[in-house]
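Undergrad: Dropping in work.txt, which is compact mmCIF, C-alpha atoms:
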```txt
# COMPACT_ATOMS: atom_id res chain seq x y z
CA MET A 1 -12.11 -13.07 16.14
CA THR A 2 -15.78 -13.19 15.27
CA ALA A 3 -18.25 -15.01 17.48
CA TRP A 4 -21.88 -15.79 16.84
CA ARG A 5 -24.60 -16.23 19.38
CA ALA A 6 -27.39 -18.55 18.38
CA GLY A 7 -30.71 -16.85 19.04
CA GLY A 8 -34.02 -18.35 19.93
CA ALA A 9 -36.86 -18.96 17.54
CA GLY A 10 -37.14 -16.04 15.18
CA ASP A 11 -33.93 -14.39 16.45
CA ALA A 12 -31.12 -13.60 14.02
CA PRO A 13 -27.61 -14.53 15.11
CA ARG A 14 -25.70 -11.61 16.53
CA ILE A 15 -22.04 -10.82 15.96
CA LYS A 16 -20.25 -9.93 19.15
CA PRO A 17 -18.29 -6.67 19.13
CA PRO A 18 -14.49 -6.81 18.96
CA SER A 19 -12.88 -7.55 22.31
CA ARG A 20 -9.36 -7.91 23.69
CA ARG A 21 -9.14 -11.36 22.17
CA THR A 22 -9.79 -9.85 18.75
CA PHE A 23 -6.61 -7.74 18.84
CA ALA A 24 -4.41 -10.08 20.89
CA PRO A 25 -3.01 -12.30 18.06
CA TRP A 26 -1.88 -9.51 15.69
CA PRO A 27 1.63 -9.05 17.18
CA PHE A 28 2.52 -12.40 15.58
CA PHE A 29 3.44 -10.23 12.57
CA ILE A 30 6.82 -9.60 14.18
CA THR A 31 7.53 -13.26 14.96
CA GLY A 32 10.36 -13.28 12.39
CA ASP A 33 12.09 -10.41 14.19
CA VAL A 34 11.86 -12.23 17.50
CA VAL A 35 13.34 -15.38 15.91
CA ASP A 36 16.25 -13.34 14.52
CA LEU A 37 16.74 -11.89 17.96
CA PHE A 38 17.03 -15.28 19.64
CA GLN A 39 19.34 -16.55 16.92
CA GLY A 40 21.72 -13.70 17.63
CA GLU A 41 21.45 -12.19 14.16
CA LEU A 42 20.82 -8.68 15.51
CA PRO A 43 23.34 -6.26 16.99
CA TYR A 44 22.81 -5.36 20.61
CA PRO A 45 20.37 -8.22 21.19
CA TRP A 46 19.65 -7.13 24.75
CA LEU A 47 18.54 -3.71 23.48
CA ALA A 48 16.38 -5.30 20.81
CA GLY A 49 14.89 -7.62 23.45
CA LEU A 50 13.99 -4.66 25.63
CA GLY A 51 12.45 -2.98 22.60
CA VAL A 52 10.30 -6.03 21.81
CA VAL A 53 9.12 -6.34 25.42
CA ALA A 54 8.34 -2.62 25.57
CA PHE A 55 6.54 -2.72 22.21
CA LEU A 56 4.34 -5.68 23.17
CA ALA A 57 3.56 -4.26 26.61
CA LEU A 58 2.64 -0.84 25.22
CA TYR A 59 0.63 -2.34 22.34
CA TYR A 60 -1.55 -4.44 24.64
CA ALA A 61 -1.86 -1.65 27.20
CA ALA A 62 -2.92 0.91 24.56
CA VAL A 63 -5.41 -1.44 22.88
CA PHE A 64 -6.92 -2.74 26.12
CA THR A 65 -7.37 0.72 27.63
CA GLY A 66 -8.77 1.93 24.30
CA LEU A 67 -11.41 -0.80 24.48
CA ASP A 68 -12.28 0.08 28.09
CA GLU A 69 -15.38 2.31 28.06
CA GLU A 70 -14.43 4.03 31.31
CA ARG A 71 -10.74 4.68 30.55
CA ARG A 72 -10.70 5.30 26.81
CA ARG A 73 -11.89 8.89 27.25
CA THR A 74 -9.00 9.69 29.59
CA ARG A 75 -5.46 10.65 28.61
CA VAL A 76 -4.07 7.23 29.53
CA PRO A 77 -4.65 5.56 26.11
CA LEU A 78 -3.16 8.60 24.33
CA ALA A 79 -0.04 8.48 26.51
CA LEU A 80 0.37 4.76 25.90
CA LEU A 81 -0.11 5.26 22.15
CA ALA A 82 2.54 8.00 22.11
CA ALA A 83 4.98 5.75 23.98
CA LEU A 84 4.21 2.91 21.54
CA ALA A 85 4.95 5.25 18.62
CA VAL A 86 8.34 6.17 20.15
CA VAL A 87 9.32 2.49 20.55
CA THR A 88 8.08 1.68 17.02
CA TYR A 89 10.13 4.45 15.43
CA ALA A 90 13.19 3.45 17.48
CA LEU A 91 13.00 -0.20 16.39
CA ALA A 92 12.28 0.65 12.73
CA ILE A 93 15.07 3.21 12.48
CA GLY A 94 17.58 1.21 14.51
CA TYR A 95 17.05 -2.22 12.99
CA GLY A 96 14.94 -1.78 9.83
CA GLY A 97 13.96 -4.89 7.90
CA ASP A 98 10.98 -6.79 9.23
CA TRP A 99 10.79 -4.44 12.21
CA LEU A 100 8.94 -2.09 9.88
CA LEU A 101 5.94 -4.39 10.36
CA CYS A 102 5.55 -2.75 13.76
CA PHE A 103 3.93 0.16 11.93
CA PRO A 104 0.73 -1.73 10.96
CA LEU A 105 0.42 -2.76 14.61
CA LEU A 106 0.93 0.84 15.69
CA SER A 107 -1.75 1.86 13.18
CA LEU A 108 -4.09 -0.79 14.59
CA ALA A 109 -3.62 0.57 18.11
CA ALA A 110 -4.15 4.10 16.81
CA GLY A 111 -7.46 3.02 15.24
CA VAL A 112 -8.63 1.64 18.57
CA VAL A 113 -7.56 4.66 20.62
CA LEU A 114 -8.39 7.49 18.18
CA ARG A 115 -11.51 6.02 16.57
CA ALA A 116 -13.88 8.64 17.97
CA GLY A 117 -11.79 11.70 17.09
CA SER A 118 -10.71 13.69 14.08
CA ARG A 119 -7.00 12.95 14.60
CA LEU A 120 -7.17 9.41 13.26
CA GLY A 121 -6.94 10.29 9.54
CA PRO A 122 -3.87 12.54 9.81
CA THR A 123 -2.19 10.09 12.19
CA LEU A 124 -2.63 7.15 9.81
CA GLY A 125 -1.45 9.29 6.90
CA VAL A 126 1.74 10.19 8.76
CA LEU A 127 2.36 6.55 9.71
CA GLY A 128 1.86 5.33 6.13
CA ALA A 129 4.15 8.04 4.73
CA THR A 130 6.79 7.35 7.38
CA VAL A 131 6.96 3.62 6.77
CA GLY A 132 7.17 4.29 3.02
CA VAL A 133 10.07 6.71 3.45
CA LEU A 134 11.91 4.34 5.81
CA MET A 135 11.56 1.41 3.43
CA ALA A 136 12.73 3.50 0.49
CA SER A 137 15.73 4.83 2.43
CA GLN A 138 16.70 1.29 3.47
CA ASN A 139 16.33 -0.07 -0.10
CA THR A 140 13.58 -2.49 0.96
CA THR A 141 11.06 -1.55 -1.69
CA GLU A 142 9.95 -5.05 -2.60
CA ASN A 143 6.68 -4.94 -0.57
CA ILE A 144 6.56 -1.21 0.04
CA LEU A 145 2.99 -0.73 -1.26
CA ALA A 146 1.67 -3.65 0.77
CA VAL A 147 3.23 -2.36 3.98
CA VAL A 148 2.16 1.25 3.35
CA TRP A 149 -1.43 0.25 2.55
CA GLY A 150 -1.47 -2.22 5.43
CA THR A 151 -0.33 0.51 7.79
CA ALA A 152 -3.00 2.94 6.63
CA LEU A 153 -5.86 0.47 6.33
CA SER A 154 -5.34 -1.50 9.54
CA GLY A 155 -6.17 1.53 11.67
CA LEU A 156 -9.05 2.56 9.44
CA VAL A 157 -10.60 -0.89 9.51
CA ALA A 158 -10.23 -1.20 13.28
CA ALA A 159 -11.81 2.23 13.82
CA ALA A 160 -14.63 1.56 11.34
CA VAL A 161 -15.54 -1.78 12.91
CA LEU A 162 -15.49 -0.41 16.45
CA ASN A 163 -17.50 2.67 15.46
CA LEU A 164 -20.02 0.47 13.68
CA PHE A 165 -20.60 -1.64 16.76
CA GLU A 166 -20.74 1.49 18.93
CA ALA A 167 -23.36 3.04 16.64
CA ASN A 168 -25.32 -0.23 16.67
CA ARG A 169 -25.21 -0.30 20.48
CA LYS A 170 -26.44 3.30 20.70
CA LEU A 171 -29.15 2.54 18.17
CA GLY A 172 -30.30 -0.40 20.24
CA ALA A 173 -30.34 1.72 23.39
CA THR A 174 -32.27 4.46 21.58
CA ARG A 175 -34.75 1.91 20.26
CA GLU A 176 -35.27 0.60 23.76
CA GLU A 177 -35.78 4.12 25.12
CA LEU A 178 -38.31 4.86 22.38
CA ALA A 179 -40.14 1.64 23.18
CA HIS A 180 -40.28 2.58 26.87
CA ALA A 181 -41.48 6.08 25.94
CA ALA A 182 -44.19 4.65 23.71
CA VAL A 183 -45.35 2.38 26.53
CA GLU A 184 -45.41 5.32 28.94
CA ARG A 185 -47.39 7.46 26.46
CA GLU A 186 -49.90 4.67 25.93
CA ARG A 187 -50.18 4.11 29.68
CA LEU A 188 -50.75 7.83 30.22
CA ARG A 189 -53.34 7.94 27.42
CA PHE A 190 -55.23 5.00 28.85
CA SER A 191 -55.07 6.47 32.36
CA ARG A 192 -56.52 9.76 31.13
CA ASP A 193 -59.23 8.11 29.07
CA LEU A 194 -60.21 5.78 31.87
CA HIS A 195 -60.34 8.62 34.38
CA ASP A 196 -62.48 10.78 32.11
CA LEU A 197 -64.77 7.95 31.07
CA LEU A 198 -65.38 6.39 34.48
CA GLY A 199 -65.53 9.68 36.35
CA HIS A 200 -68.25 11.00 34.08
CA THR A 201 -70.12 7.71 33.79
CA MET A 202 -70.18 7.06 37.54
CA SER A 203 -71.39 10.59 38.17
CA VAL A 204 -74.25 10.07 35.72
CA ILE A 205 -75.16 6.71 37.28
CA VAL A 206 -75.15 8.24 40.80
CA VAL A 207 -77.39 11.10 39.65
CA LYS A 208 -79.77 8.74 37.89
CA ALA A 209 -79.83 6.37 40.88
CA GLU A 210 -80.71 9.25 43.20
CA ALA A 211 -83.51 10.21 40.81
CA VAL A 212 -84.82 6.63 40.91
CA ARG A 213 -84.80 6.70 44.72
CA ARG A 214 -86.69 9.99 44.82
CA LEU A 215 -89.24 9.09 42.15
CA ALA A 216 -89.96 5.46 43.05
CA PRO A 217 -92.41 6.15 45.95
CA ARG A 218 -94.62 8.56 43.97
CA ASN A 219 -93.98 7.99 40.23
CA LEU A 220 -92.98 4.46 39.36
CA GLU A 221 -93.08 5.04 35.61
CA ALA A 222 -90.64 7.96 35.81
CA ALA A 223 -88.39 5.94 38.11
CA LEU A 224 -88.35 3.08 35.61
CA GLY A 225 -87.37 5.57 32.91
CA GLN A 226 -84.42 6.69 34.99
CA ALA A 227 -83.47 3.05 35.63
CA ALA A 228 -83.52 2.44 31.86
CA ASP A 229 -81.20 5.42 31.48
CA ILE A 230 -78.82 3.84 34.00
CA GLU A 231 -78.77 0.65 31.93
CA ALA A 232 -78.12 2.62 28.72
CA VAL A 233 -75.34 4.62 30.35
CA GLY A 234 -73.73 1.43 31.65
CA ARG A 235 -73.81 -0.21 28.22
CA GLN A 236 -72.39 2.91 26.61
CA ALA A 237 -69.65 3.00 29.24
CA LEU A 238 -68.66 -0.58 28.43
CA THR A 239 -68.40 0.32 24.74
CA GLU A 240 -66.33 3.42 25.46
CA ILE A 241 -63.96 1.52 27.75
CA ARG A 242 -63.38 -1.10 25.05
CA GLU A 243 -62.63 1.69 22.59
CA ALA A 244 -60.32 3.37 25.08
CA VAL A 245 -58.36 0.14 25.51
CA THR A 246 -57.76 -0.08 21.76
CA GLY A 247 -57.00 3.63 21.47
CA TYR A 248 -59.79 4.44 19.02
CA ARG A 249 -62.12 6.28 21.34
CA GLU A 250 -62.64 9.95 20.53
CA GLY A 251 -65.29 12.11 22.11
CA GLY A 252 -67.51 14.45 20.14
CA LEU A 253 -68.48 17.99 21.14
CA THR A 254 -72.08 17.75 19.97
CA ALA A 255 -72.70 14.46 21.76
CA GLU A 256 -71.05 15.71 24.95
CA LEU A 257 -73.12 18.90 24.93
CA GLU A 258 -76.32 16.86 24.64
CA SER A 259 -75.09 14.56 27.40
CA ALA A 260 -74.27 17.60 29.54
CA ARG A 261 -77.80 18.96 29.07
CA SER A 262 -79.28 15.64 30.18
CA VAL A 263 -76.94 15.08 33.15
CA LEU A 264 -77.18 18.61 34.49
CA GLY A 265 -80.95 18.60 34.09
CA SER A 266 -81.23 15.30 35.96
CA SER A 267 -79.11 16.79 38.74
CA GLY A 268 -81.46 19.74 39.14
CA ILE A 269 -78.98 22.20 37.62
CA ASP A 270 -80.27 24.70 35.08
CA VAL A 271 -78.06 24.61 31.99
CA ASP A 272 -77.55 27.23 29.31
CA ILE A 273 -75.60 26.06 26.25
CA ARG A 274 -74.47 28.68 23.75
CA GLN A 275 -72.68 27.74 20.57
CA SER A 276 -71.53 30.01 17.75
CA GLY A 277 -68.99 30.06 14.95
CA PRO A 278 -68.14 27.78 12.02
CA PRO A 279 -68.14 23.97 12.25
CA LEU A 280 -65.11 22.56 14.00
CA PRO A 281 -62.67 19.95 12.65
CA PRO A 282 -63.11 16.47 14.17
CA GLN A 283 -59.87 16.55 16.18
CA THR A 284 -60.66 19.94 17.74
CA ALA A 285 -64.25 18.89 18.47
CA ALA A 286 -63.00 15.68 20.09
CA LEU A 287 -60.66 17.56 22.44
CA LEU A 288 -63.38 20.03 23.40
CA GLY A 289 -65.71 17.08 23.99
CA TRP A 290 -63.29 15.81 26.64
CA VAL A 291 -63.27 19.27 28.24
CA VAL A 292 -67.08 19.39 28.37
CA ARG A 293 -67.22 15.89 29.85
CA GLU A 294 -64.69 16.63 32.59
CA GLY A 295 -66.10 20.08 33.33
CA VAL A 296 -69.68 18.86 33.64
CA THR A 297 -68.57 15.94 35.81
CA ASN A 298 -66.88 18.37 38.20
CA VAL A 299 -69.96 20.63 38.26
CA VAL A 300 -72.21 17.69 39.16
CA ARG A 301 -69.89 16.19 41.74
CA HIS A 302 -68.28 19.15 43.44
CA SER A 303 -69.93 22.50 42.75
CA GLY A 304 -73.30 22.42 44.50
CA ALA A 305 -74.40 24.80 41.75
CA GLY A 306 -77.93 25.69 40.65
CA ARG A 307 -76.97 26.98 37.21
CA CYS A 308 -74.29 26.16 34.65
CA VAL A 309 -73.41 28.00 31.46
CA ILE A 310 -71.49 26.31 28.65
CA GLU A 311 -70.35 28.58 25.83
CA VAL A 312 -68.56 27.53 22.65
CA ARG A 313 -67.34 30.47 20.58
CA GLY A 314 -65.60 29.59 17.34
CA GLU A 315 -63.45 31.82 15.17
CA PRO A 316 -61.75 31.05 11.84
CA ASP A 317 -58.43 30.17 13.47
CA ARG A 318 -59.31 29.57 17.13
CA VAL A 319 -62.11 28.23 19.30
CA HIS A 320 -63.00 29.24 22.86
CA LEU A 321 -64.90 27.02 25.32
CA GLU A 322 -66.00 28.19 28.73
CA ILE A 323 -67.89 26.31 31.45
CA GLY A 324 -69.05 28.38 34.42
CA ASP A 325 -71.31 27.69 37.40
CA ASP A 326 -72.64 29.55 40.41
CA GLY A 327 -71.62 26.94 42.94
CA CYS A 328 -69.01 26.82 45.68
CA GLY A 329 -65.99 25.81 43.59
CA ILE A 330 -64.41 22.56 42.55
CA GLY A 331 -62.61 21.81 45.79
CA SER A 332 -65.63 20.94 47.94
CA VAL A 333 -69.19 22.02 48.63
CA ASP A 334 -68.13 23.98 51.72
CA GLY A 335 -66.66 26.78 49.65
CA THR A 336 -63.02 25.71 49.39
CA THR A 337 -61.79 26.40 45.89
CA GLY A 338 -59.38 23.90 44.37
CA THR A 339 -57.51 23.64 41.12
CA GLY A 340 -58.74 20.24 40.05
CA GLY A 341 -57.31 16.77 40.19
CA ASN A 342 -55.85 14.40 37.67
CA GLY A 343 -58.68 15.01 35.21
CA LEU A 344 -57.96 18.71 34.72
CA LYS A 345 -54.21 18.10 34.69
CA GLY A 346 -54.63 15.46 32.01
CA LEU A 347 -56.83 17.78 29.96
CA ALA A 348 -54.31 20.60 30.26
CA GLU A 349 -51.60 18.27 28.93
CA ARG A 350 -53.80 17.15 26.03
CA LEU A 351 -54.65 20.70 25.01
CA ALA A 352 -51.05 21.88 25.41
CA ALA A 353 -49.92 19.09 23.07
CA ALA A 354 -52.39 20.42 20.48
CA GLY A 355 -51.18 24.01 20.90
CA GLY A 356 -54.04 25.06 23.16
CA SER A 357 -54.47 25.96 26.80
CA LEU A 358 -56.73 25.20 29.76
CA ARG A 359 -57.36 27.58 32.66
CA SER A 360 -59.48 27.06 35.73
CA GLY A 361 -60.33 29.06 38.80
CA PRO A 362 -62.99 31.10 40.59
CA GLY A 363 -65.65 32.79 38.49
CA GLU A 364 -66.11 36.54 38.27
CA ARG A 365 -68.73 36.70 41.01
CA ARG A 366 -68.85 33.21 42.49
CA GLY A 367 -68.62 29.59 41.47
CA PHE A 368 -65.98 28.05 39.24
CA ARG A 369 -64.91 28.67 35.66
CA LEU A 370 -63.13 26.38 33.23
CA VAL A 371 -61.76 27.98 30.03
CA ALA A 372 -60.25 26.07 27.10
CA GLU A 373 -58.76 27.52 23.93
CA LEU A 374 -57.60 25.59 20.89
CA PRO A 375 -56.25 26.55 17.48
CA VAL A 376 -58.32 25.32 14.56
CA ASP A 377 -56.33 22.91 12.41
CA GLU A 378 -56.84 24.23 8.88
CA LYS A 379 -55.44 21.07 7.29
CA ASP A 380 -57.86 18.95 9.30
CA GLU A 381 -60.72 21.23 8.26
CA GLU A 382 -59.74 21.08 4.59
CA GLY A 383 -59.48 17.31 4.70
CA ARG A 384 -62.87 17.04 6.38
CA VAL A 385 -64.58 19.34 3.90
CA ALA A 386 -62.95 17.53 0.97
```
Just give me the structure of the file as structure tokens.
TA:
Amino acid sequence: MTAWRAGGAGDAPRIKPPSRRTFAPWPFFITGDVVDLFQGELPYPWLAGLGVVAFLALYYAAVFTGLDEERRRTRVPLALLAALAVVTYALAIGYGGDWLLCFPLLSLAAGVVLRAGSRLGPTLGVLGATVGVLMASQNTTENILAVVWGTALSGLVAAAVLNLFEANRKLGATREELAHAAVERERLRFSRDLHDLLGHTMSVIVVKAEAVRRLAPRNLEAALGQAADIEAVGRQALTEIREAVTGYREGGLTAELESARSVLGSSGIDVDIRQSGPPLPPQTAALLGWVVREGVTNVVRHSGAGRCVIEVRGEPDRVHLEIGDDGCGIGSVDGTTGTGGNGLKGLAERLAAAGGSLRSGPGERRGFRLVAELPVDEKDEEGRVA
């Protein structure tokens, strides 16, 4: 019994999956046998009556448990189906005639119970062959092909329809999981971008504001220059945040290195930038730009360093970036060395997704060192050169 649910605007109507009501009316196939029973046209009517009651009870029990998601994977539906088969064979062999129509119903129940296994095909083949042999032996060959095909196809159709709806349900669940995963990935991306953007930008603004405070009493022109820088940084931050929201924001290594030189210089930290190797593909340069931004932000905010060295060493298939300082470590200015917060964790995840790595820890003598390695994407490089 097919039911349609009217959807809202833009929604397609959905067909409900088969339920108990779908399979409930099919035993009406044996109505003629029941009429013959009540008219006394069958020998041992009480035995035939018990057989009918047992057949109907087992049919509904097997089908209903086969449709139950919790119980259909237990042995209960199989036991009920086996008992139904015994009753079906007993009625067909003992009374013949229209009682052979119990076989299509048995096949239907088998399709419901065995739909997820490999035993369905052989079972339906045996049932079809059996009903054909019984009809031939009882000289009732008038509709033999219809009954044989009905027996074989009823189970196949029931199994196919149920499996189709099951696959559709799983597909819908998978689609929903993928949608949730996509939302989580986008949320994580935005969280990382926002952390990296605001952390760096606020550090620059604080440094510039301190410079304005120091310079204002004795050099107003220089202080106004620093104030103009604060305005420019703020405007740039607004642009970057808008780009981060839409997912199009990518950093650049060259721009971040220049920004690092300016920020570190304004903070009173001597900076030494060393760069060697072939030009980098855009994607690799963008990832390393994020590393430079986060590393420099941590140097300015946490290290208390007087000198910072940034080295980019490129090779044909791999690039190495190292940021080192002579400060007290990332944890705090009092000398406690930490491992970084959400920024470094987010960077490590980004680089790992690209096949790279990020390591951080104490420097060789003192201070803190941040080391990033990334493989160079040859396809990206070829596309860029082309």
Undergrad: What gap, in Å, lies between CA of Gln283 (chain A) and CA of Gly252 (chain A)?
TA: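 Here the two named atoms are 8.9 Å from each other.
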Undergrad: Could you work out how far CA of Arg366 (chain A) lies from CA of Thr201 (chain A), giving the answer in Å with one decimal?
TA: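 Between CA of Thr201 (chain A) and CA of Arg366 (chain A) the gap is 27.0 Å.
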Undergrad: I'd like the interatomic distance between CA of Ala116 (chain A) and CA of Ala159 (chain A), to a tenth of an Å.
TA: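 CA of Ala159 (chain A) lies at a distance of 7.9 Å from CA of Ala116 (chain A).
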Undergrad: Which one of A:Pro375, A:Gly234, A:Pro27, A:Pro279 sits closest to Gly355 (chain A) if you count all atoms listed in the file?
TA: A:Pro375
Undergrad: Counting all atoms listed in the file, which of A:Gly306, A:Ile205, A:Pro77, A:Leu47 gets nearest to Arg235 (chain A)?
TA: A:Ile205
Undergrad: For Leu100 (chain A), list every protein, DNA or RNA residue within 12 Å, evaluated using only C-alpha atoms, and leave out those in the same chain fewer than 3 positions away; present the list as an MDAnalysis selection string.
TA: chainID A and resid 29:30 32:33 87:97 103:107 127:128 130:136 138 140:141 143:144 146:148 150:151
Undergrad: Select from region 242-306 of chain A every residue with an atom at most 10 Å from any atom of region 211-221 of chain A, then for each give the shortest pair of atoms and their distance in Å to one decimal, using only C-alpha atoms, rows by chain and rising number, as a Markdown table.
TA:
```
| residue | atom | partner | partner_atom | distance |
| --- | --- | --- | --- | --- |
| A:Ser266 | CA | A:Ala211 | CA | 7.4 |
| A:Ser267 | CA | A:Ala211 | CA | 8.2 |
| A:Gly268 | CA | A:Ala211 | CA | 9.9 |
```
